[in-house]
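Here's the structure, in structure tokens; my notes come after.
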Amino acid sequence: MAEAHQAVAFQFTVTPDGIDLQLSREVLKHIYLSGVTSWKKRAIRFKNGVLTGVYPASPSSWLIVVIAIMSTMYARIDPSMGMIDRIKTSLLTQTVLSAILFATVLWLSFIFLLRYILKALLSYHSWIFESHGKMSFSTKVWLVLVKLLSGRRPLLYSFQASLPHLPVPSTLCLYLESVRPLLDDEQYKQMEIVANDFKKDPAPKFQKHLKLKSWWATNYVSDWWEEYIYLRGRDPIMVNSNFYTMDLLYVIPTHRQAARAGNVVHAMLQYRRKLERGELTPLRALGIVPMCSFQYERMFNTTRIPGIETDFVQHLKDRKHLVVYHRGRFFKVWLYYGGRHLWPSELELQFQRILDDKSEPQPGEIKLPSLTAGNRVPWARARLKYFTEGVNQASLEAIETAAFFLTLDDEAHGYDPENIRSLDLYAKSLLHGKCYDRWFDKSFTLIVYKNGKIGVNTEHSWADSPIIGHMWEYVLATDCFHLGYNAEGHCKGDINKTVLINPNCQEIIEGSYMIAKGIANDVDFHGCLFNEFGKGLIKKCRTSPDAFIQLALQLAHYRDKGEFCLTYESSMTRMFREGRTETVRSCTCESTAFVRAMEDESTTNEQRLALFKKAADKHQNMYRLAMTGAGIDRHLFCLYIVSKVMGIDSPFLKQVLSEPWRLSTSQTPQQQLNLIDIQKFPKYVGAGGGFGPVADDGYGVSYIIVDENLVTFHISSKFSSPETDSFRFGQNIRQAMLDIKALFNLKEKKM
């Protein structure tokens, strides 16, 4: 582990007797400043913890209640109906103290009552199903009540105790409806028989256990989802699980690699400070309905630790360093100086020193991160055998306890309008790199390229893409509009002036690298910038932009493969406490009818348009059901886990869980924070992010509706599949979007 030395106020030397610290007045000064900063941080956390704990009330409301009770006592009125006297007798206290205790209990009861009422109000979801622009009287009343009970300035975790629990739905009918377009009459009849047998027995037993868990646990899905979908998987997480997020599409604020890294790391530290203090504003639908914030907790200081049978997520607090990887060498960089964050210019200096360091890596060190890219079991065994003592243990601990991982990449990437494959290469680099230059187990790896472009590779078990997207929006806006760069491209501001790898372990590293390299080489990626139109025109068509794109994907897939397939679209369930995601099954009877009509020359455009609107309405309804806890797949997944725990075999659940998702899709959210005015700065738009294909013979499609005239598609598949071609699919998507738009153009011309 190489060390990036900063201008700190002490030196250390390693002697046979241990570490000899040579202290000075300067070091004592900085120890004092660090202590002051630490106590300030604790005080702020305590204060914000109290504010969150009593929300939607406030600490000052306690004083109001106490004064009110005391006033009535002096007026010889007993509002406690004898309770104060009973407290006085039981606890042998004075009248004043008894009155204060009664007022405190009354105040706490009032808080719990407010939370219960707010939780009941937040369980109302009819507003989601109302037509756009139309609002019922009951919804208007509901909105007013939620506003009244939501307080004025909520902190990030203020609403957590008021969020409702995810309900346990009944999904068999919806499931049968979702597979109908994929099965012929005989197959569907057989599926109905299997499903009805399951409904009679043992489904009621499983359902009772799920309802019991939903009453007892905070969320009946999330812990099992994290454990069984992510942490128990023994296949490589690179490509198969991790996802990436890109930089601004058109803009590079500076071409100096160290300067960009300095600003971005400093912006991340600012975000982390707000996050740790709970000072970020919680996301709210319609600006009113709060979203769950629990996923933010493990964004920093978090690592996935490999195990033989299952991994676990290690989350720490107050990590004061990050680890940098450059040209096969690891550097530990401290992030604080004298109790404060390093300034961007100071960070730039540290990163430039790393870039200028010409020392060679130790044997095996250059490909060490490939252990995190290969199969989990060999990595777990190597960790137990070779990284549990000495310098290797210390070095691995430095990585796993770091705030996050930074790669100073020696390649240049980014979008180039003159190079049609530039976005493809950029995405592949973020998704897997060289298979040994990202630490795929860290909560996220920040990648800074030599031309100043940046990106993030995120481990998926701890959170979903909107969470890292929230941080990324803050970082990009802070980097470009608050921190900035000087005329030479450097950070603004003044500057305040090894691993030993066992040969047997090297074989394991090389084996993991070869597995990861095979996976990476098989990724067929295409980035498609669709700039013919965007959400502006789609909204003029009076349809949901997401439904429009999903139907275009169905049409494109049918043209690409000549058949329909089970389609996954990710939806969030964060209106419920500890909610994560749910699946929207986008391939419906209505969507397949529309696609067939588009390919049938005998069908008129009026008929096609009518079928499109019907399919879009169906998709919107499915999406709303998923958001409100009435989705299909998480419920069936949990039923399957219950069946395994109870030791009861279920042919129906086995079949359901084995069905491949040959088209997996997700929309990347943007403008969660609204820190950049896209209308004023149209070039400062993000390119979104993406993920690898879920099925060997399928496609993974991530899309971001950037602005009024741009939609970006990130398409992945596998070269090894003769049935897929990402570039071809991208062209099909483009044509499908244009063909659907033409239906509305024809209608306008006739009008």
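FYI, nothing fancy with the structure tokens labels: chains A, B, ... in order, residues from 1 per chain, ligands from 1 as they appear.
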
Set out as JSON lines a contact list for range 437-498 of chain A and range 220-230 of chain A with a cut-off of 8 Å, giving each residue of range 437-498 of chain A that qualifies its closest atom pair and distance in Å to one decimal, counting only C-alpha atoms, ordered by chain and rising residue number.
```
{"residue": "A:His460", "atom": "CA", "partner": "A:Tyr230", "partner_atom": "CA", "distance": 7.5}
{"residue": "A:Ser461", "atom": "CA", "partner": "A:Tyr230", "partner_atom": "CA", "distance": 5.5}
{"residue": "A:Trp462", "atom": "CA", "partner": "A:Glu226", "partner_atom": "CA", "distance": 7.5}
```

Quick one: write out the picked residues with all heavy atoms as an mmCIF file, in the first residue's frame?
```
data_model
loop_
_atom_site.group_PDB
_atom_site.id
_atom_site.type_symbol
_atom_site.label_atom_id
_atom_site.label_comp_id
_atom_site.auth_asym_id
_atom_site.auth_seq_id
_atom_site.Cartn_x
_atom_site.Cartn_y
_atom_site.Cartn_z
ATOM 1 N N HIS A 460 -24.567 -2.968 -5.950
ATOM 2 C CA HIS A 460 -26.023 -2.843 -5.970
ATOM 3 C C HIS A 460 -26.717 -3.253 -4.672
ATOM 4 O O HIS A 460 -27.853 -2.853 -4.427
ATOM 5 C CB HIS A 460 -26.588 -3.684 -7.122
ATOM 6 C CG HIS A 460 -27.881 -3.186 -7.665
ATOM 7 N ND1 HIS A 460 -28.793 -2.462 -6.921
ATOM 8 C CD2 HIS A 460 -28.442 -3.299 -8.888
ATOM 9 C CE1 HIS A 460 -29.838 -2.160 -7.664
ATOM 10 N NE2 HIS A 460 -29.649 -2.635 -8.855
ATOM 11 N N SER A 461 -26.069 -4.032 -3.806
ATOM 12 C CA SER A 461 -26.806 -4.618 -2.681
ATOM 13 C C SER A 461 -27.304 -3.565 -1.695
ATOM 14 O O SER A 461 -28.380 -3.716 -1.115
ATOM 15 C CB SER A 461 -25.938 -5.646 -1.953
ATOM 16 O OG SER A 461 -24.828 -5.027 -1.322
ATOM 17 N N TRP A 462 -26.546 -2.508 -1.495
ATOM 18 C CA TRP A 462 -26.882 -1.537 -0.447
ATOM 19 C C TRP A 462 -27.946 -0.535 -0.882
ATOM 20 O O TRP A 462 -28.609 0.070 -0.043
ATOM 21 C CB TRP A 462 -25.629 -0.793 0.016
ATOM 22 C CG TRP A 462 -24.994 0.073 -1.039
ATOM 23 C CD1 TRP A 462 -24.075 -0.314 -1.969
ATOM 24 C CD2 TRP A 462 -25.239 1.460 -1.271
ATOM 25 N NE1 TRP A 462 -23.732 0.740 -2.770
ATOM 26 C CE2 TRP A 462 -24.429 1.845 -2.369
ATOM 27 C CE3 TRP A 462 -26.050 2.423 -0.665
ATOM 28 C CZ2 TRP A 462 -24.411 3.141 -2.865
ATOM 29 C CZ3 TRP A 462 -26.046 3.716 -1.176
ATOM 30 C CH2 TRP A 462 -25.235 4.070 -2.257
#
```

For the helix (DSSP H, G or I) assignment from backbone DSSP, which residues of range 418-604 of chain A qualify? Please present them as a VMD selection string.
chain A and resid 422 to 431 465 to 483 503 to 521 535 to 540 545 to 561 589 to 599

Using only C-alpha atoms, determine which residues lie at most 7 Å from range 677-687 of chain A, disregarding the query and same-chain residues fewer than 6 positions distant; provide the list as a list in words.
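Listing them by chain and then by number gives Met246, Asp247, Leu248, Leu249, Tyr250, Val251, Val706 and Thr712 of chain A.
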
Now that the selection is made, can you save its residues with all heavy atoms as a compact mmCIF listing (two decimals), in the first residue's frame?
```
# COMPACT_ATOMS: atom_id res chain seq x y z
N MET A 246 -22.89 7.97 -15.59
CA MET A 246 -21.98 8.78 -16.40
C MET A 246 -21.92 10.23 -15.93
O MET A 246 -22.75 10.70 -15.17
CB MET A 246 -22.41 8.75 -17.87
CG MET A 246 -22.15 7.44 -18.58
SD MET A 246 -22.61 7.56 -20.33
CE MET A 246 -21.95 5.99 -20.94
N ASP A 247 -20.94 10.92 -16.48
CA ASP A 247 -20.71 12.34 -16.26
C ASP A 247 -21.72 13.16 -17.08
O ASP A 247 -22.58 12.61 -17.77
CB ASP A 247 -19.27 12.66 -16.68
CG ASP A 247 -18.78 14.02 -16.22
OD1 ASP A 247 -19.52 14.69 -15.49
OD2 ASP A 247 -17.67 14.39 -16.61
N LEU A 248 -21.58 14.48 -17.02
CA LEU A 248 -22.32 15.35 -17.92
C LEU A 248 -22.06 14.92 -19.36
O LEU A 248 -20.94 14.54 -19.71
CB LEU A 248 -21.89 16.80 -17.72
CG LEU A 248 -22.15 17.41 -16.34
CD1 LEU A 248 -21.46 18.76 -16.21
CD2 LEU A 248 -23.64 17.54 -16.07
N LEU A 249 -23.07 14.98 -20.18
CA LEU A 249 -22.97 14.45 -21.54
C LEU A 249 -22.05 15.28 -22.42
O LEU A 249 -21.17 14.75 -23.10
CB LEU A 249 -24.36 14.37 -22.16
CG LEU A 249 -24.46 13.73 -23.56
CD1 LEU A 249 -23.93 12.31 -23.54
CD2 LEU A 249 -25.91 13.76 -24.04
N TYR A 250 -22.22 16.60 -22.40
CA TYR A 250 -21.53 17.46 -23.36
C TYR A 250 -20.36 18.25 -22.77
O TYR A 250 -19.51 18.73 -23.52
CB TYR A 250 -22.52 18.47 -23.95
CG TYR A 250 -23.71 17.85 -24.65
CD1 TYR A 250 -25.00 18.01 -24.14
CD2 TYR A 250 -23.55 17.10 -25.81
CE1 TYR A 250 -26.10 17.45 -24.77
CE2 TYR A 250 -24.64 16.53 -26.45
CZ TYR A 250 -25.92 16.71 -25.92
OH TYR A 250 -27.00 16.14 -26.54
N VAL A 251 -20.31 18.40 -21.46
CA VAL A 251 -19.38 19.34 -20.83
C VAL A 251 -18.31 18.60 -20.03
O VAL A 251 -18.61 17.64 -19.31
CB VAL A 251 -20.14 20.31 -19.90
CG1 VAL A 251 -19.17 21.22 -19.16
CG2 VAL A 251 -21.14 21.14 -20.70
N VAL A 706 -33.86 12.98 -20.85
CA VAL A 706 -32.97 14.06 -20.42
C VAL A 706 -33.68 15.41 -20.40
O VAL A 706 -33.67 16.13 -19.41
CB VAL A 706 -31.73 14.12 -21.34
CG1 VAL A 706 -30.81 15.26 -20.91
CG2 VAL A 706 -30.97 12.79 -21.30
N THR A 712 -31.76 9.29 -23.80
CA THR A 712 -30.55 8.49 -23.93
C THR A 712 -30.83 7.05 -23.55
O THR A 712 -31.41 6.79 -22.49
CB THR A 712 -29.43 9.04 -23.02
OG1 THR A 712 -29.19 10.41 -23.36
CG2 THR A 712 -28.15 8.27 -23.21
```

Restricting to only C-alpha atoms, whichever of A:Lys367, A:Arg304, A:Arg574, A:Arg42 is closest to Arg438 in chain A is A:Lys367

Residue nearest Cys173 in chain A among A:Ala630, A:Leu611, A:Leu368, A:Met291 (counting only C-alpha atoms)
A:Ala630

Between CA of Ser162 in chain A and CA of Phe294 in chain A - distance in Å to one decimal
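Separation between CA of Phe294 in chain A and CA of Ser162 in chain A: 13.0 Å.
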
Pick from A:Arg421, A:Arg728, A:His321, A:Arg45: nearest to Leu275 in chain A, with only C-alpha atoms counted?
A:Arg45

12 Å contact set for Leu625 in chain A, only C-alpha atoms, chain neighbours under 6 positions out, as a PyMOL selection string:
chain A and resi 125-126+128-129+167+169-171+174+571-573+582-585+618-619+631-633

Can you pull out every residue within 9 Å of range 135-145 of chain A, counting only C-alpha atoms, but drop anything in the same chain fewer than 2 positions away, and send it as a PyMOL selection string?
chain A and resi 118+121+124+126-127+130-133+147-150+288-289

Of the residues A:His413, A:Thr372, A:Asn732, A:Pro669, which is the one nearest to Lys561 in chain A, using only C-alpha atoms?
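Closest residue, counting only C-alpha atoms: A:Asn732.
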
Within 10 Å of Glu563 in chain A, counting only C-alpha atoms, which residues show up once you throw out same-chain ones fewer than 4 positions away? Write them as a CSV table (one decimal) with C-alpha atoms, in the first residue's frame, please.
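And here is the file that came out, part_28.csv:
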```csv
chain,number,residue,atom,x,y,z
A,182,LEU,CA,-46.5,-15.1,-23.7
A,554,GLN,CA,-41.9,-3.7,-27.0
A,555,LEU,CA,-42.2,-2.8,-30.7
A,557,HIS,CA,-38.0,-6.1,-29.4
A,558,TYR,CA,-40.6,-7.7,-31.6
A,559,ARG,CA,-38.9,-6.4,-34.7
A,592,THR,CA,-48.8,-7.1,-27.7
```

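Residues surrounding Ser721 in chain A within 9 Å are Asp696, Asp697 and Gly698 of chain A [only C-alpha atoms; sequence separation below 5 positions excluded].
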
Take the residues just selected and output them with N, CA and C atoms as a compact mmCIF listing (two decimals), in the first residue's frame.
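Output contents, as saved in again-v3.txt:
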```txt
# COMPACT_ATOMS: atom_id res chain seq x y z
N ASP A 696 -28.74 -14.34 -20.62
CA ASP A 696 -27.67 -14.56 -21.59
C ASP A 696 -28.10 -14.22 -23.01
N ASP A 697 -29.38 -14.42 -23.30
CA ASP A 697 -29.87 -14.16 -24.65
C ASP A 697 -30.83 -12.97 -24.67
N GLY A 698 -30.63 -12.04 -23.73
CA GLY A 698 -31.55 -10.91 -23.63
C GLY A 698 -30.84 -9.57 -23.68
```

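From CA of Ile100 in chain A back to CA of Met83 in chain A, the distance works out to 11.7 Å.
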